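Quick notes on the structure that follows.
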Amino acid sequence: MRQIYTHYKILFISLLVQFFFISFNNLSYAGTLKGVVVDASTKEQVIGAMVHIKELNISAVTNLEGIYSFKNLAPGTYSLECKFLGLRSISKNVTVSDGNAFTTMDFAMESASTIMEVNVVGHQNNETDLNARKSEHQADYETNILSAQSIQLLPDITIANTLQRISGVTVERNSTGDGQFAIVRGMDKRYNYTTINGIKIPSPDNKNRYVPLNIFPSDIVERIEVNKTLLPCMEADAIGGAVNLQLRNAPDYLMIKGTVAGGYSQINSQQPFQTYNANPINFKSPNQINGTTYNALVTDFPKSTNNYSTIKVPINSTANLIIGDRFFNHKLGVLIAASYQNVYKGTSESFFEAASQPVATNPDGSYISTGLNRGNVPSFDFVHTRTISTQLTTYAVHAKLDYQINNLNSLSFYTLYVQSRSQQVRYSEDTATAVNLGLLDHEQRSVLTVQSIYNATLQGNHILLPGLKLDWSAVYAIASNNQPDYSTLTTENNYYTNTPPYSYILSLSNKWISNTDQDIAEYLNLTYNYNLAGSDLELKVGEMDRHKNRNNYYADYKLSPLPPSTSNNQQEFTTFNNAIFYWSPASAATGAQDNPNTYTATEDVTAGYGQVKYTFFSKLQVLTGVRVENTSHSYDQINIPVTTPAQHGSGTYYDVLPGIHLKYMIDNLQNLRLSYYQSITRPGFFENTPYKLPGDYYDEVGNPYLKHTTADNYDLRYELYPKGIDQISVGVFYKNLYDPIQYAFVREGTSSQALQPQNFSNATNYGVEAVFTKFFGVFGVSANYTYTNSSIISKKAFYYQITGPDGKPYTPPFDTVMAKTPLQGQAEHIGNLSLIYKNTKQGLDAEVAFIYTGKHIAIVSPYYGLDYWQRANLQLDFSAEKSINKHFSVYIKLANLLNTPVVYEIDRPNVFRNAPFPFYLPAQDSNNNIKAQQDIYGPSYLGGVRYTF
Amino acid sequence: MKKILLFGLLLTGMAFTFSCSKPGSESTNVSTPPLQIGQTISTSTHSGTVKGTMTSGNTYTITGDLTINRGDTLLIQSNVKVEMGPGTFINVKGTLISLGTKDNPNYITSPTGKYICDLTTPQQSDPAYAGLWGGIYCDSSCKALVLKWTHIEFAGGAVVNPAVQGSSAGDAYSMYFVNPNGYIVLEDDWFYGGVDDFFRIQSGIVAAYRNTFIKNSAISGDCLNAKNGSVGDMAYNFFIGTCTNGTKASNKGAGGQQTNISMYNNTYINGGYRQTQTGRSGAIDYEQGAKGFYYNNLCVDCKFGPRVVINPTADTANMKYGYTFQYGDDTSITNEFYPVAYITVPKSTDIPNPGFLPSGYKIGGKYDGTSLVGKNNPMFVNYPLPNKSYIETTCPEGFDFHLQSSSPCIGKGFTGFSPLKLVPMATAKNPVGVTEYTMPGSDIGCYQSNGSGNQHTTW
């Protein structure tokens, strides 16, 4: 493995060297004729404009700064023609003199026709970096935008991974190392929302309302916008930020684009990729099919789920196709996009499992009785070595139709279906440190997860009167999640008593977990523009309401190994096909249908707003207004009797949320923004339901008394857009949260502890964000950095020993303390650095991208000092694209080149590193913290061909 | 110009008016169980919320869950049979008292239960482990569970609707208790069968004296499993054919006082063989912060000797023990008199004397116990040893575990300690309490040669 690694390093370095060689080589041909092409109306550089010398029949294309150049031209007079789609062509003559002197000829291009001025929906090409920058510049709110043009070049293939390139965004990863949820400005996923074309979408997540962003292939979008401040006309339930995926629009002319790529995840050459036949799995549980009183048969559970085979060389593949055109005299626009990804991911994981309750004494018997360091010594029961194989297949189809009825009215319809199917095998070998004398537990877990989102939106735009606009949307959306036959088999190997059976079965569990989340919503906005004292006054009012229905189903079938007739009660494990199971007790055959995790929930949100926008003295834009949101929600644990406390519940609340957004336009290139607004976060439906679930780390319970969070948000940002896609912005923000929600210690009854989402008095979050993008000819640097500092005071427990009056230690009842920590997921420092090479003439683009994510709390512990922190890490990716001809280009995406591990650690002195058996923990690398988990994903490579018509 | 300034003023004013406003109030309605007044029980009561007295000589047929409300008491006089239907539970939020007597014991049982005491019936066909009815689940408001001369049999059906704090769907305990201030009095009872832990004492004040435990738990679970917030005595109990341990103490849990359990003069026969996990012990277990003491216990052919756990560690600084008498018919048993990988310290008062351990023996280390096989026969009145069918022998049927006068257990007990005695004594007016705290006995095991200790002669 080391060798392979070294090889690839050499390869990589040589690639880099080549890359610079080509570039310098290129610079040495400094041309004799050059100039800049700008848009006459906006004064912005035009990228990709073609300048043609008629006499020589040669052309040059303008670079990212709008500059073209011709080298080694013979002296003489030439006829130049400058062309760019949508702008009027210009012809000019130029005389090039002797020698190496530079000749300069600039072009200012004007609009080609009046077509751009007609009220047409979505004709602009929003996919370019330049347009993204323009939108950021012109927006009424603080936003950061990543265009399809940038995304195309990035090494990422899912939206979630792409998002972490945006300033102020980190991602929370799943077990495959893929980003899944966005953390914006250090605010956990619960504080953000996701929209598609501005419309909120439901989540297939079985616990929460936030949308897993790894199910969206990154090539379906026209742009990704991360909105850092909210206007009254936007939905108010984001405190961190709102992520908007703007899907592609119908183009002006026939467009056909497509890609096909293949790739490989290197880790699959180092560990077997395991899979199983999932076809016999029934998506409904035996009791969903046969009724709640049905006694499931052991034969109702297909054996194939636990019979594994290996895929020798799993090849990743991705493809997409986008077709768009306009018909009927450009009135009807149609765009259809489809995307397919099939990726085999491997994870090598070391996981040291701590008992949910710590112990009071150190391994050497010493103990601390007072202060914040008292007790709370983690107690590691198991050392797990896990091999995780995940096949992730994603399909996305998106269609958009827009119809221009006349100059005053237009309609559009778009629909999206995304499905992600993850088939995962997690094979663990667990050494119980407590009885580490040849007892080895094996756990094999097979999980098929199918998640989907469907959304259909009909929108209308109408000009009712001069200056008065109406737009509306009608939305239907449904998200679903299915985990059928979630199967866990545990066996144990006994090299201990040295008597057969050496391997025997402990347990088999088959769960069915499913949920759907359906939204029906309508939005209505009225905009009135009026010229007041030479400046535009915009008045806007609107309303929205959304009805949400949620269903959750949960069943757990626990099978027991049939005791053999031999004297020992342990059933030998040979193969899964030979294993024999039965129900103990017989009533286990109903799969515990009547559990609190099966429930229905509803939520109705009605909102209205009014806002005013006016620009004073052409310099100061003021946008202010207020939004009112009214929420009512309910849940019903339908399968348990009303005699159970909190079996059903409901709640209502409303919020009046004012906001004021000032934008001072220092000049054409600079903005200074200042804003204040209030926003909220609603608890997940799941969190309001008194559920009870065993978690991976701690048991979790719901909280029907959980309140929503409100926040004051203050933002100040300076922006400079010097030229092209160059950009400098520096901003600060401050947020004050009331009733923030954090998972924290709760005593369940009198007897056990769990994590529960709870409200705490308040939390603050402030930070600084800086973005810098600059191009030097063909070279560009894009960097962003965010500093965040948050704090929340929540309840933490102590388990410790003190010395009693008799001089002997004893364990007093649990103590709790209100302790200050950062918000879950908030890293103090995060940053991105990309070195970009864009040579339009050669048709070569390349990017080296670094992501730094500082340490942050990944998993909250109910005990003081035992939170799991994710160690700071640096990730390196490389991608490049080279056009071959007018239609084809080839590209590569090389991800995770440093093979960055994800490490979780507990921030307290490591008393296990040099401890004697059975307390010794392997793979420790520090005396100051305890490594509790390490995931390695390996680099992955993808190469493909792009076709553009 | 004036107009613009005025307008600007208006806008600013608007923003500030709102910015001072606070979010509206939030109202939450969470359902509480519909109130049902406890109905006085009669022989025609088959389910529901009950209180009152089950009277002597009657059989009660229960077809749905019984609930005893907070503050209410259900008292069972002697000579009562309660027949529990499939899947039914007794949920105790108040007090449950069963006052059987030696001559007129009570039964809480399943009408379809059948005792099987052969050596051949496979476990999965034995109704003992089938969970023919649910169990007795006592909530955090339960003041007391008092069972005297009472048979609890064939319980352990899985919980479907968790009705008490801390229990979950799928739990398969025969009895459950979750009030750290509530009293659990188990005197002279018979406990037969079960699926998971026979009695999960999630927290409570315990006095378990002179009971007989037979064939408890199917493939995992202990007979008396005390967690954090549990304190009290477990003495003179007789255990045979238990799945895992007879008595276990752990401080796992939250918030209550430290687990502190005394276990003395108990007899454990053939324990630990239905547990499918290796290394889980078969008689006595202290782990995870629990403290207490154990003396004068007799273990015969149990899979493991008393286990004191290192990780997560028992509160060894506050543990005392010794005077443990062990007998084994196989090296796999004698090699685990002091279980390997745990920290049970051999005591000079133990029988056999730990002098057999090799020099250089480390606590928790392996040793060769071959020489101990069949040694130190405790000399029961009628239970032939050696018994090569010790795994299959799970019933006391046909045996008598009293000690012969020549038994080496006689006179070897330690009497220099006092039980915790945390439950008050019962009085003529208040049956909630202990009838007899049997003090430490001079003979090892539950049957004393002077006739004290466990009083059961039949089961």
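Identifiers in this document derive from the order of the structure tokens: chains are assigned A, B, ..., residues are numbered from 1 separately in each chain, and ligands are numbered from 1 in order of occurrence.
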Quick one: residues within 8 Å of Gln202 of chain B, only C-alpha atoms counted, chain neighbours fewer than 6 positions away excluded, as a PDB file with C-alpha atoms, in the first residue's frame?
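Okay, selection12.pdb is ready:
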```pdb
ATOM      1  CA  SER A 751     -33.066   4.809  36.307  1.00  0.00           C
TER       2      SER A 751
ATOM      3  CA  TYR B 176     -39.607  -4.742  37.121  1.00  0.00           C
ATOM      4  CA  PHE B 177     -39.300  -2.022  39.750  1.00  0.00           C
ATOM      5  CA  VAL B 178     -38.226   1.582  39.262  1.00  0.00           C
ATOM      6  CA  ASN B 179     -38.703   3.587  42.464  1.00  0.00           C
ATOM      7  CA  ASN B 225     -30.535  -7.855  38.712  1.00  0.00           C
ATOM      8  CA  ALA B 226     -30.046  -4.695  40.761  1.00  0.00           C
ATOM      9  CA  LYS B 227     -28.999  -1.445  39.076  1.00  0.00           C
ATOM     10  CA  ASN B 228     -28.156   2.053  40.276  1.00  0.00           C
ATOM     11  CA  GLY B 229     -30.364   3.223  43.102  1.00  0.00           C
ATOM     12  CA  SER B 230     -30.897  -0.315  44.408  1.00  0.00           C
ATOM     13  CA  GLY B 253     -28.099   4.006  35.683  1.00  0.00           C
TER      14      GLY B 253
END
```
Would you mind writing down, as JSON, numbers by chain, each residue of segment 716-793 of chain A that DSSP on the backbone assigns to strand (DSSP E)? {"A": [716, 717, 718, 719, 720, 727, 728, 729, 730, 731, 732, 733, 734, 735, 736, 737, 738, 741, 742, 743, 744, 745, 746, 747, 748, 752, 753, 754, 755, 756, 757, 758, 759, 762, 763, 764, 765, 766, 767, 768, 769, 770, 771, 772, 773, 774, 775, 776, 779, 780, 781, 782, 783, 784, 785, 786, 787, 788, 789, 790, 791, 792, 793]}
